[in-house]
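Asks: Sharing a structure, written as structure tokens. Questions coming.
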Amino acid sequence: MSEEPRPLRLADKCVLIVEDEFLIAFDIADQFEAAGARVLGPFADVSTTLQAIEHGDVPDAAVLDVNLGGERSLRVAQRLAQDGIPFVFVTGYDSNCLHEERTLAPILQKPFAFDAAVAALFAN
Amino acid sequence: MTRPSAQRSSALLQQRSALASFGELSLKSEDLDEILTEACRLVSEALDTDLAKVIELRDGGNSLFVRAGVGWKPGVVGEICLERDPGSSEGRALETGEPVISPDIATEDRFEFAEFLKENGVRALVNVIIIGGHDKPPFGILQVDSRQPRDFNEDDISFLRTYANLLAAAVDRMQTDSERRSEQSRLAASEARLRTLVEGIPQLVWRSAAGGNWSWSSPQWREFTGRSEDQSLGRGWLDALHPDDREGAIQAWNSADGDNPLQGEFRIRNAAGDYHWHQLRAAPARDSDGTVIEWLGTATDIDELRRLQTEQRMLVAELQHRTRNLIGVVDGIIGQTLRGASLSGEVREKLQGRLQALSRVQGLLSQSHQESITLERLISLELEAMAADRNTDRIEVAGPHVSIDASSVQTLALVLHELATNARKYGALKQENGTLSVAWECVDYGQSSGLQLTWREEGISIAPDAPLGAGFGFSLIKRAIPHQLNAKTQLEFGDDWLACTIVLRLKGEQRLHV
């Protein structure tokens, strides 16, 4: 009741954010940071993201837009899946159109609830 | 006694000669009127009378028409038509099937005689039936008339019977031939019409035995594919299909039988080497026993249709993407605007949740032309949005298949959103021991049918600040849906439970269909 879940519940977590729409990307980043997480990104395209994963540290979770300025984020998703990093897709497309994506990770429709993303990413 | 005997021999000879002459003629001529007239001439000669005629039964046997004859004044042959009269000599002959003789009509008291007979000076007559062949009713009567009183003897009658039977056989042959000829010409005309149709329609037409073994292909098929008849026969036509579609076409044939017509969409290569999507359909043709003897099929070019459908799907998907992305941007703006403001978290969350519900409704509505929106779908979407795990026994969603009218979807979705949000934040979706049951059933709603939806959470502790008791959600449930959807709503709370009951009237197209 008096429980206040927000402060620092994601302390020590690193979250990768891949979203090309500036207002959405930085809003997501803000919310994760407000919950105590460290944000990797936000990145707006596939190659920058893959480079960051190669050279940077390994994220604990990721939020991935499907359409990055016309480019599909599937390669990033496959890489994350391969590394066993939990992630969610966020998109305006209907999940019925996203045959490959839906086999890889949960799909959240935009706008998505921060709590729902957290629940999906850190369920365990 | 020698004279009568010689006379008799001469008469018999004449009769035999008449039979032979008539037999010859009836085999040679194809003209029924010629045969009948000649028959009258020969029989009047053979019996040495001046007059003879053939009366044809018409109008289902109710009329007697003088079809042919010799010796009559004008206005008789081909013109006189009498009603069948049981009191006439003809009527008697037809009734008994036996020859009827009137040796002298001046002294005859058994029958009435037609006026034209007297006008033509008839004194004696004999009627013999011309029977019908193949179970048909009699063709008519051969009537031999004499201008002198005459007692037709047994030889005459015997001759006439034979003669009439010969005549009946000739008539039957002519009629059968004529029926066959008209049937043949009818068939030929029908076949020509069908051929024109089959070869004129834009579809590619073909005939096939079971299993897709073609026996014929239309000019359209040959022209479109640039393949010869031989190249397409049997399963040769498969070569004109896209390699990836051939297996599917064979499977479609394997699962087609008398109860399941062949149907499928495949790419067919045209003469220039381009593939066009076609819809293949074939229906079985059956013999009179109902056994499938072959298949008649068509291929319809649906390339343009499919292209437009794909384009439309992409446009709708893109529109949906943009709409939702825009709502996402609005959400981002709200987040950035509220940043640092007091109470921003709570306000943000509520605004965002409602924007999300609207966004989901947009998604549903953009698909509503393809599939109807069901209540089950609406509930599932809201529960999924709350990341509620439907696989646990804590959540139960059950009810019949019912589609929701597009105009009701948005409001109902917002209500469900408020209930689900409440459950996620305070109730069954948050508390470990909470259970949620969403159930609906068909009920009476005044004169029409209605739908009762019950959202029930149990095993929860009700927080004093639980917002369903007031605010936007409360307002939606207690005021918006009664106002907009003509619903009756009820919201109840217990120590550890919450129940919301909504009774909606179903519109015509929302009938339950299980």
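Each chain of the structure tokens is named A, B, ... in the order shown, its residues numbered from 1; ligands are numbered from 1 in display order.
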Give me, as a count of residues only, the residues of range 184-293 of chain B that a backbone DSSP run labels alpha helix (DSSP H).
Replies: 40
Asks: Counting only C-alpha atoms, a student should be able to say which residues of chain B come within 7 Å of chain A; what is the right answer, written as a ChimeraX atom specification?
Replies: /B:317,320-322,324-325,327-329,331-333,335-336,352-353,355-356,363,386-387
Asks: Leaving out range 48-61 of chain A and any residue of its chain fewer than 6 positions from it, which residues lie within 6 Å of it when counting only C-alpha atoms, given as a short mmCIF file (atom, residue, chain, number, x, y, z; two decimals) with N, CA and C atoms, in the first residue's frame?
Replies:
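For reference, out_0.cif as written:
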```cif
data_model
loop_
_atom_site.label_atom_id
_atom_site.label_comp_id
_atom_site.auth_asym_id
_atom_site.auth_seq_id
_atom_site.Cartn_x
_atom_site.Cartn_y
_atom_site.Cartn_z
N CYS A 14 21.66 -3.07 -16.64
CA CYS A 14 22.01 -2.30 -17.84
C CYS A 14 20.99 -2.63 -18.93
N VAL A 15 20.32 -1.62 -19.46
CA VAL A 15 19.27 -1.84 -20.46
C VAL A 15 19.65 -1.18 -21.79
N LEU A 16 19.66 -2.01 -22.84
CA LEU A 16 19.94 -1.51 -24.19
C LEU A 16 18.64 -0.98 -24.79
N ILE A 85 20.10 -12.76 -24.03
CA ILE A 85 19.72 -11.53 -23.34
C ILE A 85 18.22 -11.30 -23.52
N PRO A 86 17.46 -11.18 -22.41
CA PRO A 86 16.02 -10.95 -22.57
C PRO A 86 15.74 -9.60 -23.20
N PHE A 87 14.77 -9.57 -24.07
CA PHE A 87 14.40 -8.30 -24.69
C PHE A 87 12.93 -8.30 -25.11
#
```
Asks: Per DSSP on the backbone, what are the strand (DSSP E) residues of range 214-458 of chain B, as a ChimeraX atom specification?
Replies: /B:214-217,262-269,275-286,292-301,395-398,435-445,448-458
Asks: Could you save the residues just selected, with C-alpha atoms, as a PDB file, in the first residue's frame?
Replies:
```pdb
ATOM      1  CA  TRP B 214      -5.697 -33.496 -68.173  1.00  0.00           C
ATOM      2  CA  SER B 215      -7.523 -34.777 -71.233  1.00  0.00           C
ATOM      3  CA  TRP B 216      -8.107 -31.434 -72.942  1.00  0.00           C
ATOM      4  CA  SER B 217      -7.021 -27.828 -72.702  1.00  0.00           C
ATOM      5  CA  LEU B 262     -10.509 -28.730 -56.398  1.00  0.00           C
ATOM      6  CA  GLN B 263      -9.484 -25.226 -55.432  1.00  0.00           C
ATOM      7  CA  GLY B 264      -6.196 -23.464 -55.013  1.00  0.00           C
ATOM      8  CA  GLU B 265      -4.098 -20.469 -55.961  1.00  0.00           C
ATOM      9  CA  PHE B 266      -0.999 -21.079 -58.035  1.00  0.00           C
ATOM     10  CA  ARG B 267       1.395 -19.165 -60.248  1.00  0.00           C
ATOM     11  CA  ILE B 268       1.193 -19.988 -63.949  1.00  0.00           C
ATOM     12  CA  ARG B 269       3.909 -18.981 -66.412  1.00  0.00           C
ATOM     13  CA  TYR B 275       4.295 -15.813 -63.638  1.00  0.00           C
ATOM     14  CA  HIS B 276       0.713 -14.785 -62.949  1.00  0.00           C
ATOM     15  CA  TRP B 277      -1.252 -15.882 -59.915  1.00  0.00           C
ATOM     16  CA  HIS B 278      -4.274 -17.943 -60.924  1.00  0.00           C
ATOM     17  CA  GLN B 279      -7.083 -19.459 -59.027  1.00  0.00           C
ATOM     18  CA  LEU B 280      -7.611 -23.058 -60.110  1.00  0.00           C
ATOM     19  CA  ARG B 281     -11.021 -24.550 -59.610  1.00  0.00           C
ATOM     20  CA  ALA B 282     -12.504 -27.769 -60.859  1.00  0.00           C
ATOM     21  CA  ALA B 283     -15.850 -29.442 -60.331  1.00  0.00           C
ATOM     22  CA  PRO B 284     -16.532 -33.124 -60.935  1.00  0.00           C
ATOM     23  CA  ALA B 285     -18.770 -34.100 -63.837  1.00  0.00           C
ATOM     24  CA  ARG B 286     -20.892 -37.147 -63.067  1.00  0.00           C
ATOM     25  CA  VAL B 292     -17.456 -38.955 -61.136  1.00  0.00           C
ATOM     26  CA  ILE B 293     -16.371 -39.406 -64.751  1.00  0.00           C
ATOM     27  CA  GLU B 294     -14.136 -36.391 -65.179  1.00  0.00           C
ATOM     28  CA  TRP B 295     -13.325 -32.931 -63.890  1.00  0.00           C
ATOM     29  CA  LEU B 296     -14.051 -29.640 -65.583  1.00  0.00           C
ATOM     30  CA  GLY B 297     -11.769 -26.870 -64.474  1.00  0.00           C
ATOM     31  CA  THR B 298     -10.810 -23.269 -64.927  1.00  0.00           C
ATOM     32  CA  ALA B 299      -7.832 -21.107 -64.103  1.00  0.00           C
ATOM     33  CA  THR B 300      -8.692 -17.462 -63.422  1.00  0.00           C
ATOM     34  CA  ASP B 301      -6.034 -14.776 -63.494  1.00  0.00           C
ATOM     35  CA  ILE B 395      -7.131 -16.079 -14.530  1.00  0.00           C
ATOM     36  CA  GLU B 396     -10.165 -17.467 -16.225  1.00  0.00           C
ATOM     37  CA  VAL B 397     -11.723 -16.014 -19.356  1.00  0.00           C
ATOM     38  CA  ALA B 398     -14.778 -17.826 -20.668  1.00  0.00           C
ATOM     39  CA  THR B 435      -8.043 -14.598  -8.900  1.00  0.00           C
ATOM     40  CA  LEU B 436      -9.735 -13.019 -11.879  1.00  0.00           C
ATOM     41  CA  SER B 437     -12.693 -14.381 -13.732  1.00  0.00           C
ATOM     42  CA  VAL B 438     -14.062 -12.699 -16.842  1.00  0.00           C
ATOM     43  CA  ALA B 439     -17.201 -14.465 -17.981  1.00  0.00           C
ATOM     44  CA  TRP B 440     -20.001 -13.575 -20.351  1.00  0.00           C
ATOM     45  CA  GLU B 441     -23.225 -15.143 -21.489  1.00  0.00           C
ATOM     46  CA  CYS B 442     -26.259 -14.470 -23.586  1.00  0.00           C
ATOM     47  CA  VAL B 443     -29.186 -12.984 -21.686  1.00  0.00           C
ATOM     48  CA  ASP B 444     -32.524 -11.382 -22.484  1.00  0.00           C
ATOM     49  CA  TYR B 445     -32.447  -7.632 -22.845  1.00  0.00           C
ATOM     50  CA  SER B 448     -33.861  -8.184 -27.962  1.00  0.00           C
ATOM     51  CA  SER B 449     -30.974 -10.323 -26.854  1.00  0.00           C
ATOM     52  CA  GLY B 450     -28.218  -9.048 -24.651  1.00  0.00           C
ATOM     53  CA  LEU B 451     -24.853  -9.918 -23.330  1.00  0.00           C
ATOM     54  CA  GLN B 452     -23.946 -10.042 -19.667  1.00  0.00           C
ATOM     55  CA  LEU B 453     -20.285  -9.599 -18.866  1.00  0.00           C
ATOM     56  CA  THR B 454     -19.004 -10.195 -15.369  1.00  0.00           C
ATOM     57  CA  TRP B 455     -15.547  -9.156 -14.264  1.00  0.00           C
ATOM     58  CA  ARG B 456     -14.860 -10.648 -10.860  1.00  0.00           C
ATOM     59  CA  GLU B 457     -11.766 -10.482  -8.735  1.00  0.00           C
ATOM     60  CA  GLU B 458     -11.451 -12.513  -5.532  1.00  0.00           C
TER      61      GLU B 458
END
```
Asks: Leaving out Lys13 in chain A and any residue of its chain fewer than 6 positions from it, which residues lie within 10 Å of it when counting only C-alpha atoms, given as an mmCIF file with N, CA and C atoms, in the first residue's frame?
Replies:
```
data_model
loop_
_atom_site.group_PDB
_atom_site.id
_atom_site.type_symbol
_atom_site.label_atom_id
_atom_site.label_comp_id
_atom_site.auth_asym_id
_atom_site.auth_seq_id
_atom_site.Cartn_x
_atom_site.Cartn_y
_atom_site.Cartn_z
ATOM 1 N N PHE A 32 13.831 4.274 -17.617
ATOM 2 C CA PHE A 32 14.740 3.248 -17.079
ATOM 3 C C PHE A 32 15.742 3.863 -16.097
ATOM 4 N N GLU A 33 16.212 5.029 -16.474
ATOM 5 C CA GLU A 33 17.182 5.693 -15.584
ATOM 6 C C GLU A 33 16.521 6.084 -14.260
ATOM 7 N N ALA A 35 14.339 4.485 -12.826
ATOM 8 C CA ALA A 35 14.191 3.265 -12.024
ATOM 9 C C ALA A 35 15.545 2.722 -11.588
ATOM 10 N N GLY A 36 16.597 3.458 -11.884
ATOM 11 C CA GLY A 36 17.912 3.085 -11.382
ATOM 12 C C GLY A 36 18.776 2.326 -12.363
ATOM 13 N N ALA A 37 18.258 2.091 -13.582
ATOM 14 C CA ALA A 37 19.029 1.307 -14.546
ATOM 15 C C ALA A 37 20.042 2.202 -15.269
ATOM 16 N N ARG A 38 21.074 1.523 -15.816
ATOM 17 C CA ARG A 38 22.002 2.233 -16.673
ATOM 18 C C ARG A 38 21.557 1.944 -18.105
ATOM 19 N N VAL A 39 21.530 2.985 -18.940
ATOM 20 C CA VAL A 39 21.023 2.801 -20.300
ATOM 21 C C VAL A 39 22.170 2.697 -21.289
ATOM 22 N N PRO A 59 24.446 -5.937 -22.074
ATOM 23 C CA PRO A 59 23.265 -5.473 -21.338
ATOM 24 C C PRO A 59 22.545 -6.628 -20.638
ATOM 25 N N ASP A 60 21.783 -6.301 -19.616
ATOM 26 C CA ASP A 60 20.975 -7.319 -18.935
ATOM 27 C C ASP A 60 19.649 -7.536 -19.648
ATOM 28 N N ALA A 61 19.236 -6.510 -20.398
ATOM 29 C CA ALA A 61 17.958 -6.593 -21.105
ATOM 30 C C ALA A 61 17.956 -5.541 -22.202
ATOM 31 N N PHE A 122 12.135 -8.507 -16.746
ATOM 32 C CA PHE A 122 12.707 -8.981 -15.475
ATOM 33 C C PHE A 122 11.721 -9.837 -14.707
#
```
Asks: State, in Å with one decimal place, the distance from CA of Glu384 in chain B to CA of Lys350 in chain B.
Replies: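 We find that CA of Glu384 in chain B and CA of Lys350 in chain B lie 17.2 Å from each other.
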Asks: Could you give me, as a list in words, the residues within 10 Å of Gly473 in chain B, counting only C-alpha atoms and dropping anything in the same chain fewer than 4 positions from it?
Replies: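 Listing them by chain and then by number gives Leu414, Val415, Leu416, His417, Glu418, Leu419, Thr421, Asn422, Pro467, Leu468, Gly469, Ile477, Lys478, Arg479 and Ala480 of chain B.
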Asks: Let's have the selection written as a PDB file, in the first residue's frame, with C-alpha atoms.
Replies:
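Final output, saved to result-v6.pdb:
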```pdb
ATOM      1  CA  LEU B 414     -11.549   1.640 -22.545  1.00  0.00           C
ATOM      2  CA  VAL B 415     -13.785   0.140 -19.848  1.00  0.00           C
ATOM      3  CA  LEU B 416     -11.932  -3.151 -19.977  1.00  0.00           C
ATOM      4  CA  HIS B 417      -8.715  -1.192 -19.835  1.00  0.00           C
ATOM      5  CA  GLU B 418      -9.786   0.574 -16.640  1.00  0.00           C
ATOM      6  CA  LEU B 419     -10.761  -2.731 -15.043  1.00  0.00           C
ATOM      7  CA  THR B 421      -5.421  -1.467 -15.017  1.00  0.00           C
ATOM      8  CA  ASN B 422      -7.106  -1.489 -11.655  1.00  0.00           C
ATOM      9  CA  PRO B 467      -9.570   4.300  -7.750  1.00  0.00           C
ATOM     10  CA  LEU B 468     -12.416   2.333  -9.310  1.00  0.00           C
ATOM     11  CA  GLY B 469     -14.730   3.882  -6.748  1.00  0.00           C
ATOM     12  CA  ILE B 477     -18.386   2.283 -16.199  1.00  0.00           C
ATOM     13  CA  LYS B 478     -21.212   4.132 -14.481  1.00  0.00           C
ATOM     14  CA  ARG B 479     -21.854   6.842 -17.077  1.00  0.00           C
ATOM     15  CA  ALA B 480     -20.123   6.390 -20.423  1.00  0.00           C
TER      16      ALA B 480
END
```
